[in-house]
Structures are given as C-alpha cells and as structure tokens.
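Data block below; observations after.
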Amino acid sequence: MMGPRQVAEGALFYEFSIEEFVPKDHPLRGIDHFLDLSEVRPLLAPSYSSHGRPSIDPELMIRMLLLGYCQGIRSERRLCEEVHLNLAYRWFCQLDLTDPVPDHSTFSKNRHGRFRESGLFRHLFETVLKRCIDEGLVGGESFGVDASLIPANANQTRGIDSKEGLPPELTTRVVEEYLETLDDAAFGASTKVVPKYISPVDPAARWTGADGGAAFFAYSTNYMVDLDNAVIVDVEPSVPIRTAEAFAARRMIDRITDRFDMTPDKLVGDTGYGSAEMLGWLVEERGIAPHIPVWDKSKRTDGTFSREDFVYDPATDSYTCPGKKELRTYRRNFSKPRKANGGKDGFIRYRASKHDCDACPLKPQCCPKDNGRRLMRSVHEAARDVARDIRKTDAYMTSFIQRRKVEMLFAHLKRYIGVPMMRLRGPKGAYEQFQLAATAQNLRKLAKLVPQTEATG
C-alpha cells in the first residue's frame with residue numbers, strides 16, 4: 001500500500017550533533033587526525049592588534065583553505081558555499097550548524113598580509129612533512145625531482161613585447177613581486193635570454209613553449225619526492241627554464257638538509273637535471289649519486305669522430321685519439337707543470353699537434369677542415385662519468401621506473417587537487433598555491449597509508 005505523503009514539519013526544538021552525522025570512515029576524518037594547527041595562532045600573534053574588533057579565527061581560515069585543496073575546490077566563493085551546505089565540511093572546519101561561514105573576501109585580505117609575511121604556508125607544509133617522517137613514510141635515502149608546467153592566470157593573447165617593457169605607470173602588487181625576484185636564480189636571474197612577451201598582469205610568469213605546443217605564460221612547480229611512499233619532501237616554484245628548475249632542486253636539497261637533517265643517497269631525475277654544473281654539485285659537493293641521464297651534445301652527426309672515440313687518461317690529463325696521438329691542454333714543456341683550468345664557460349681545451357694531424361691517415365674522419373683536432377672537457381667531467389656509469393646498472397633501471405611516482409603526483413595535483421592552472425598571481429601567489437597543494441597531497445597520503453588506530457599520538 002502506498003504510504004502517506006511525507007511533509008516536513010518544523011519542530012520547536014532539535015537535538016542535533018554534526019559529529020554523529022559524519023561517517024567514521026569519511027576521508028576528512030583521517031585528514032583531520034593528522035592536521036596539527038596548534039602553532040598557527042602563536043605564529044600569527046605578532047600580526048594582530050591587541051585591541052579592536054575580534055578577527056575571524058585564523059585556524060578556521062586555514063582549515064577552509066586546506067579543505068579546498070583536499071577536495072579540489074578552486075573557487076573560494078564556492079568553497080564558502082560548500083562549507084555552508086555540507087555537514088562533513090562544517091565538521092572539518094569545526095563549525096556548528098548555526099555558526100556563520102566567513103565571507104570569501106576575508107581570504108584575500110589575510111593572504112596578502114599576515115599569512116604570507118609570517119611564513120605560515122611553509123610552516124604548515126613542514127609540520128605535515130614532519131608527521132610523515134614520524135609515521136615512517138619517509139625513508140630519506142632515495143629522492144626524485146621533477147617540474148611541471150602550470151599555466152599562469154593571465155590572458156595568453158595580451159602579452160607586451162619585451163622590447164617595449166612594462167608601462168611605467170603599472171605599479172600593481174604582482175609587478176612589485178616580479179621586481180623583487182629579478183635577482184633570484186629561480187626566476188629573473190635564471191637566464192639572460194629575454195622572453196618574447198611579458199604579461200602585464202603577472203610579469204613573473206614566463207612566456208614558454210616548453211611543452212611543444214603553442215607558447216603561453218606559465219610557472220613551474222618543482223617537487224622533491226621521497227620515492228619510498230611518494231611523499232613530497234619539498235616544493236619550490238620557478239620559471240619554466242631548465243637552469244631555474246635545476247637551481248630549485250639544489251635549493252630544496254639544501255633546505256631539507258638544514259631543516260630535517262636528511263641528505264639522500266641518490267637523486268633521480270630526467271635529462272633536465274643532467275647538466276655538468278648540476279652533476280658536479282651533486283657528486284663533488286653533496287656526495288649524492290645522480291641517477292640522471294647526462295645532458296651531452298658532444299656526439300657528432302657528420303661522420304667524423306666524436307669525443308667518446310677519444311680515450312682520457314687522468315694520470316696525464318690528456319686524450320688519446322684513434323690514431324694513437326695525444327691531445328693536451330698545453331703543447332709547451334714548462335719547468336713547473338701547470339694544472340689546466342676551465343675557462344669562463346667551465347670547459348678545458350685539449351689540442352692535438354698540427355704536425356701529427358697533417359701526417360695522420362684518419363684526418364678526413366677526424367678534423368677534415370681544421371689544422372688539428374680540438375676537444376673540450378667539462379671541469380665536472382668526472383661527475384658526468386659517475387652518472388654515465390650509474391646508467392649502466394640495474395639500480396638505474398629501478399630508479400627510472402620509480403621516477404614515475406613524481407609524474408603521478410603532478411597528475412594528481414592537476415586532476416584531483418584542482419590546480420590545472422594558476423588561480424593566484426605573482427611569485428608569492430605561486431608559493432602559496434604550490435605549498436598548500438603539496439600540504440594537501442601529503443595529508444591525503446597520511447590518511448590513506450596510516451590507519452588512525454595505528455597512528456602515533
């Protein structure tokens with residue numbers, strides 16, 4: 001039989017608890033279990049006045065921001081609407097049924113002031129990372145590094161020709177941030193090459209065609225990942241240039257060493273990190289094994305001998321050509337032996353004797369248009385040889401497969417965390433967005449891999 005029509009009837013009194021309506025296995029419960037915001041208020045205390053109207057609880061705003069990244073909600077306006085309607089979201093933000101939700105404009109006002117100036121977002125990321133370390137999710141021995149392009153929040157068709165420069169009357173906040181980063185090796189100082197266009201709304205974003213398609217304004221988000229459980233151990237924004245991304249990797253390794261006393265035994269990366277300078281820094285200064293392909297353009301394609309056809313002797317610091325003749329840095333005999341030094345470009349020059357080359361039957365295959373054969377050797381060639389030797393091992397093949405974990409994190413970032421493109425502008429906006437996104441990814445990792453019944457305090 002058909003039941004009676006269901007009609008809602010208002011009651012005078014309700015006995016209601018949000019706690020009872022959120023399932024025990026809800027994903028936000030696991031995230032909340034590992035979220036420690038106990039130091040947020042002391043960290044921000046100097047930024048608040050001791051008198052006046054009480055402000056909105058900063059812990060509430062941080063919870064809402066992290067909720068947005070964990071659930072892939074890009075718009076703060078929509079985030080406020082979702083928290084207002086969703087009981088699980090209200091529970092996570094520690095709001096009762098009748099508590100008001102902050103206005104979306106509150107986030108912008110705090111973001112451009114006290115939140116960024118206090119280093120709050122870096123603090124949140126490192127607090128969650130410390131919890132990952134305490135739970136045993138970070139081995140600290142094998143790190144992977146990679147960068148991913150994130151399109152800037154800028155009109156891709158309204159760039160200003162770099163030769164014209166930015167209009168002198170343009171004095172926005174993002175322009176000031178851009179000027180502050182001109183000497184930063186991860187931004188303005190990464191290259192002397194001037195981009196074709198500059199965005200007037202976000203000049204720090206770089207005009208790039210690095211993905212092989214049409215050029216656009218973009219940033220790079222750089223991840224340093226522990227390969228045991230794909231936990232992000234550091235994150236750094238940069239312009240999408242190889243030298244900038246390599247410098248960002250060095251900065252992240254130094255910061256991890258300083259903050260957590262962790263230096264990996266090996267670093268896994270693609271060819272973008274295989275420059276001589278980067279490999280030299282890893283091997284000679286940090287003692288890290290580079291599981292990285294060597295960036296090498298010495299291979300000739302015209303049928304003549306390449307540098308790999310010459311044998312280097314470290315004892316005499318000389319090369320032997322296929323014709324069994326020596327190539328040396330100096331052709332004169334000095335009473336006091338001189339040690340070869342690299343030029344400003346970081347290369348040492350080796351030359352064969354003109355007399356030897358003229359009489360050599362292999363000259364057409366070696367230096368048909370030159371008087372004598374010349375070779376260049378990087379001052380970091382020993383480190384490059386270390387990388388070449390590692391590439392021949394089975395361990396390198398394992399690292400090559402593990403490197404996909406970093407790429408999967410970028411896919412997760414863009415698809416589930418909701419960062420397919422920049423929402424904020426300027427270098428500081430990039431720092432905030434990338435750090436909060438990485439924090440959310442690590443929180444989700446904790447909630448997934450560490451059951452609450454087994455988690456430590």
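Identifiers in this document derive from the order of the structure tokens: chains are assigned A, B, ..., residues are numbered from 1 separately in each chain, and ligands are numbered from 1 in order of occurrence.
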Residue contacts of Ser17 (chain A) (12 Å, only C-alpha atoms) excluding same-chain residues fewer than 6 positions away, as a compact mmCIF listing (two decimals) with N, CA and C atoms, in the first residue's frame:
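See selection_24.txt below for the written result:
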```txt
# COMPACT_ATOMS: atom_id res chain seq x y z
N LEU A 87 27.64 19.09 5.69
CA LEU A 87 27.85 18.82 7.12
C LEU A 87 29.27 18.32 7.39
N ALA A 88 29.80 17.48 6.51
CA ALA A 88 31.16 16.97 6.71
C ALA A 88 32.17 18.11 6.65
N ARG A 90 31.53 21.27 7.38
CA ARG A 90 31.36 22.05 8.62
C ARG A 90 32.08 21.37 9.78
N TRP A 91 31.95 20.05 9.83
CA TRP A 91 32.61 19.31 10.92
C TRP A 91 34.13 19.49 10.83
N GLN A 94 35.26 22.69 12.06
CA GLN A 94 34.89 22.86 13.47
C GLN A 94 33.83 23.95 13.64
N LEU A 95 32.86 23.95 12.73
CA LEU A 95 31.73 24.87 12.79
C LEU A 95 30.48 24.09 13.20
N ASP A 96 29.68 24.70 14.07
CA ASP A 96 28.41 24.10 14.43
C ASP A 96 27.39 24.44 13.35
N LEU A 97 26.19 23.89 13.50
CA LEU A 97 25.18 24.05 12.47
C LEU A 97 24.78 25.51 12.26
N THR A 98 24.82 26.29 13.32
CA THR A 98 24.37 27.68 13.23
C THR A 98 25.53 28.68 13.12
```
request  = Determine, counting only C-alpha atoms, which protein, DNA and RNA residues have an atom within 7 Å of an atom of region 419-422 of chain A; residues of the same chain fewer than 5 positions away are not included. Present the result as number ranges by chain.
outcome  = A: 150-153, 413-414
From CA of Ala205 (chain A) to CA of Leu424 (chain A) the spacing works out at 11.4 Å
(Q) Give me, as a PyMOL selection string, all polymer residues having an atom no more than 10 Å from region 42-45 of chain A, counting only C-alpha atoms and skipping those fewer than 6 positions away in the same chain. (A) chain A and resi 58+114-115+117-120+123
Residues from last step as file, all heavy atoms, as a JSON list (two decimals), in the first residue's frame:
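Result saved to out_20.json:
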```
[["chain", "number", "residue", "atom", "x", "y", "z"],
["A", 58, "PRO", "N", 41.98, 32.49, 12.67],
["A", 58, "PRO", "CA", 42.88, 32.09, 11.57],
["A", 58, "PRO", "C", 42.90, 30.58, 11.35],
["A", 58, "PRO", "O", 43.10, 30.13, 10.23],
["A", 58, "PRO", "CB", 44.24, 32.62, 12.02],
["A", 58, "PRO", "CG", 44.14, 32.78, 13.50],
["A", 58, "PRO", "CD", 42.70, 33.15, 13.78],
["A", 114, "ARG", "N", 49.15, 39.12, 6.60],
["A", 114, "ARG", "CA", 49.77, 38.36, 7.69],
["A", 114, "ARG", "C", 50.11, 36.92, 7.31],
["A", 114, "ARG", "O", 51.11, 36.37, 7.82],
["A", 114, "ARG", "CB", 48.86, 38.39, 8.92],
["A", 114, "ARG", "CG", 47.45, 37.91, 8.69],
["A", 114, "ARG", "CD", 46.65, 37.95, 10.00],
["A", 114, "ARG", "NE", 46.41, 39.30, 10.44],
["A", 114, "ARG", "CZ", 45.29, 39.99, 10.21],
["A", 114, "ARG", "NH1", 44.33, 39.43, 9.48],
["A", 114, "ARG", "NH2", 45.13, 41.20, 10.66],
["A", 115, "PHE", "N", 49.32, 36.27, 6.48],
["A", 115, "PHE", "CA", 49.60, 34.87, 6.16],
["A", 115, "PHE", "C", 50.95, 34.72, 5.46],
["A", 115, "PHE", "O", 51.75, 33.85, 5.80],
["A", 115, "PHE", "CB", 48.49, 34.29, 5.29],
["A", 115, "PHE", "CG", 47.23, 33.93, 6.06],
["A", 115, "PHE", "CD1", 47.13, 34.20, 7.42],
["A", 115, "PHE", "CD2", 46.15, 33.35, 5.43],
["A", 115, "PHE", "CE1", 45.98, 33.89, 8.13],
["A", 115, "PHE", "CE2", 45.00, 33.02, 6.13],
["A", 115, "PHE", "CZ", 44.91, 33.30, 7.48],
["A", 117, "GLU", "N", 53.45, 37.05, 5.12],
["A", 117, "GLU", "CA", 54.57, 37.67, 5.83],
["A", 117, "GLU", "C", 55.07, 36.80, 6.97],
["A", 117, "GLU", "O", 56.24, 36.87, 7.34],
["A", 117, "GLU", "CB", 54.15, 39.04, 6.36],
["A", 117, "GLU", "CG", 53.84, 40.06, 5.26],
["A", 117, "GLU", "CD", 53.22, 41.33, 5.80],
["A", 117, "GLU", "OE1", 52.99, 41.38, 7.03],
["A", 117, "GLU", "OE2", 52.96, 42.25, 5.01],
["A", 118, "SER", "N", 54.21, 35.98, 7.55],
["A", 118, "SER", "CA", 54.58, 35.15, 8.69],
["A", 118, "SER", "C", 55.22, 33.82, 8.29],
["A", 118, "SER", "O", 55.71, 33.08, 9.14],
["A", 118, "SER", "CB", 53.35, 34.86, 9.55],
["A", 118, "SER", "OG", 52.39, 34.12, 8.82],
["A", 119, "GLY", "N", 55.20, 33.49, 6.99],
["A", 119, "GLY", "CA", 55.72, 32.19, 6.55],
["A", 119, "GLY", "C", 54.81, 31.05, 6.96],
["A", 119, "GLY", "O", 55.27, 29.91, 7.13],
["A", 120, "LEU", "N", 53.51, 31.34, 7.08],
["A", 120, "LEU", "CA", 52.56, 30.35, 7.58],
["A", 120, "LEU", "C", 52.46, 29.12, 6.67],
["A", 120, "LEU", "O", 52.43, 27.98, 7.14],
["A", 120, "LEU", "CB", 51.18, 31.00, 7.73],
["A", 120, "LEU", "CG", 50.03, 30.07, 8.12],
["A", 120, "LEU", "CD1", 50.28, 29.44, 9.49],
["A", 120, "LEU", "CD2", 48.71, 30.84, 8.13],
["A", 123, "HIS", "N", 55.33, 26.84, 7.05],
["A", 123, "HIS", "CA", 55.22, 26.18, 8.35],
["A", 123, "HIS", "C", 54.23, 25.02, 8.28],
["A", 123, "HIS", "O", 54.50, 23.93, 8.82],
["A", 123, "HIS", "CB", 54.77, 27.19, 9.41],
["A", 123, "HIS", "CG", 54.37, 26.57, 10.71],
["A", 123, "HIS", "ND1", 55.29, 26.13, 11.65],
["A", 123, "HIS", "CD2", 53.13, 26.29, 11.23],
["A", 123, "HIS", "CE1", 54.65, 25.61, 12.68],
["A", 123, "HIS", "NE2", 53.35, 25.69, 12.46]]
```
Write out as a ChimeraX atom specification all residues of region 223-428 of chain A that backbone DSSP assigns to helix (DSSP H, G or I). /A:242-260,271-273,276-285,307-309,354-358,363-366,381-391,394-402,404-415,426-428
(message) Report as JSON, numbers by chain all protein, DNA and RNA residues lying within 12 Å of Phe410 (chain A), evaluated on only C-alpha atoms, omitting residues in the same chain fewer than 4 positions from it.
(response) {"A": [145, 146, 147, 148, 149, 150, 220, 221, 222, 223, 224, 225, 230, 232, 235, 403, 404, 405, 406, 414, 415, 416, 417, 418, 419, 420, 421, 434, 437, 438, 441]}
Atom pair CA of Cys367 (chain A) + CA of Arg388 (chain A), distance 26.4 Å
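Within the 8 Å cut-off around region 247-257 of chain A, using only C-alpha atoms and omitting residues fewer than 2 positions from it on the same chain, the listed residues are Val145, Ala185, Ala186, Asn222, Met224, Val233, Asp234, Val235, Glu236, Pro237, Ser238, Thr243, Ala244, Glu245, Arg259, Phe260, Asp261, Met262 and Thr263 of chain A.
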Requested write-out: C-alpha atoms of the selected residues, as a compact mmCIF listing (two decimals), in the first residue's frame:
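And here is the file that came out, out02.txt:
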```
# COMPACT_ATOMS: atom_id res chain seq x y z
CA VAL A 145 62.87 15.51 -8.56
CA ALA A 185 68.25 32.30 -9.68
CA ALA A 186 64.89 30.50 -9.84
CA ASN A 222 59.14 21.73 -8.60
CA MET A 224 61.27 16.81 -4.37
CA VAL A 233 59.54 16.44 0.96
CA ASP A 234 59.79 19.91 -0.60
CA VAL A 235 58.18 22.16 -3.17
CA GLU A 236 59.51 25.25 -4.92
CA PRO A 237 58.13 27.48 -7.71
CA SER A 238 60.31 28.71 -10.56
CA THR A 243 68.60 26.16 -15.23
CA ALA A 244 65.93 27.59 -12.92
CA GLU A 245 64.46 24.15 -12.23
CA ARG A 259 65.50 21.60 8.39
CA PHE A 260 65.34 17.82 8.78
CA ASP A 261 68.99 16.71 8.63
CA MET A 262 68.25 14.48 5.64
CA THR A 263 70.53 14.14 2.62
```
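Minimum atom-to-atom distances from A:Ile241, A:Tyr69, A:Arg206, A:Arg78 to Tyr178 (chain A) were compared using only C-alpha atoms, and the lowest value belongs to A:Arg206.
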- Item | Selection: 12 Å around Arg29 (chain A), only C-alpha atoms, excl. self and same-chain fewer than 2 positions, as a list of chain:residue names | A:Glu19, A:Val22, A:Pro23, A:Lys24, A:Asp25, A:His26, A:Pro27, A:Ile31, A:Asp32, A:His33, A:Phe34, A:Leu35, A:Leu67, A:Ala88, A:Tyr89, A:Trp91, A:Phe92, A:Cys93, A:Gln94, A:Leu443, A:Arg444, A:Leu446, A:Ala447, A:Lys448, A:Pro451, A:Gln452
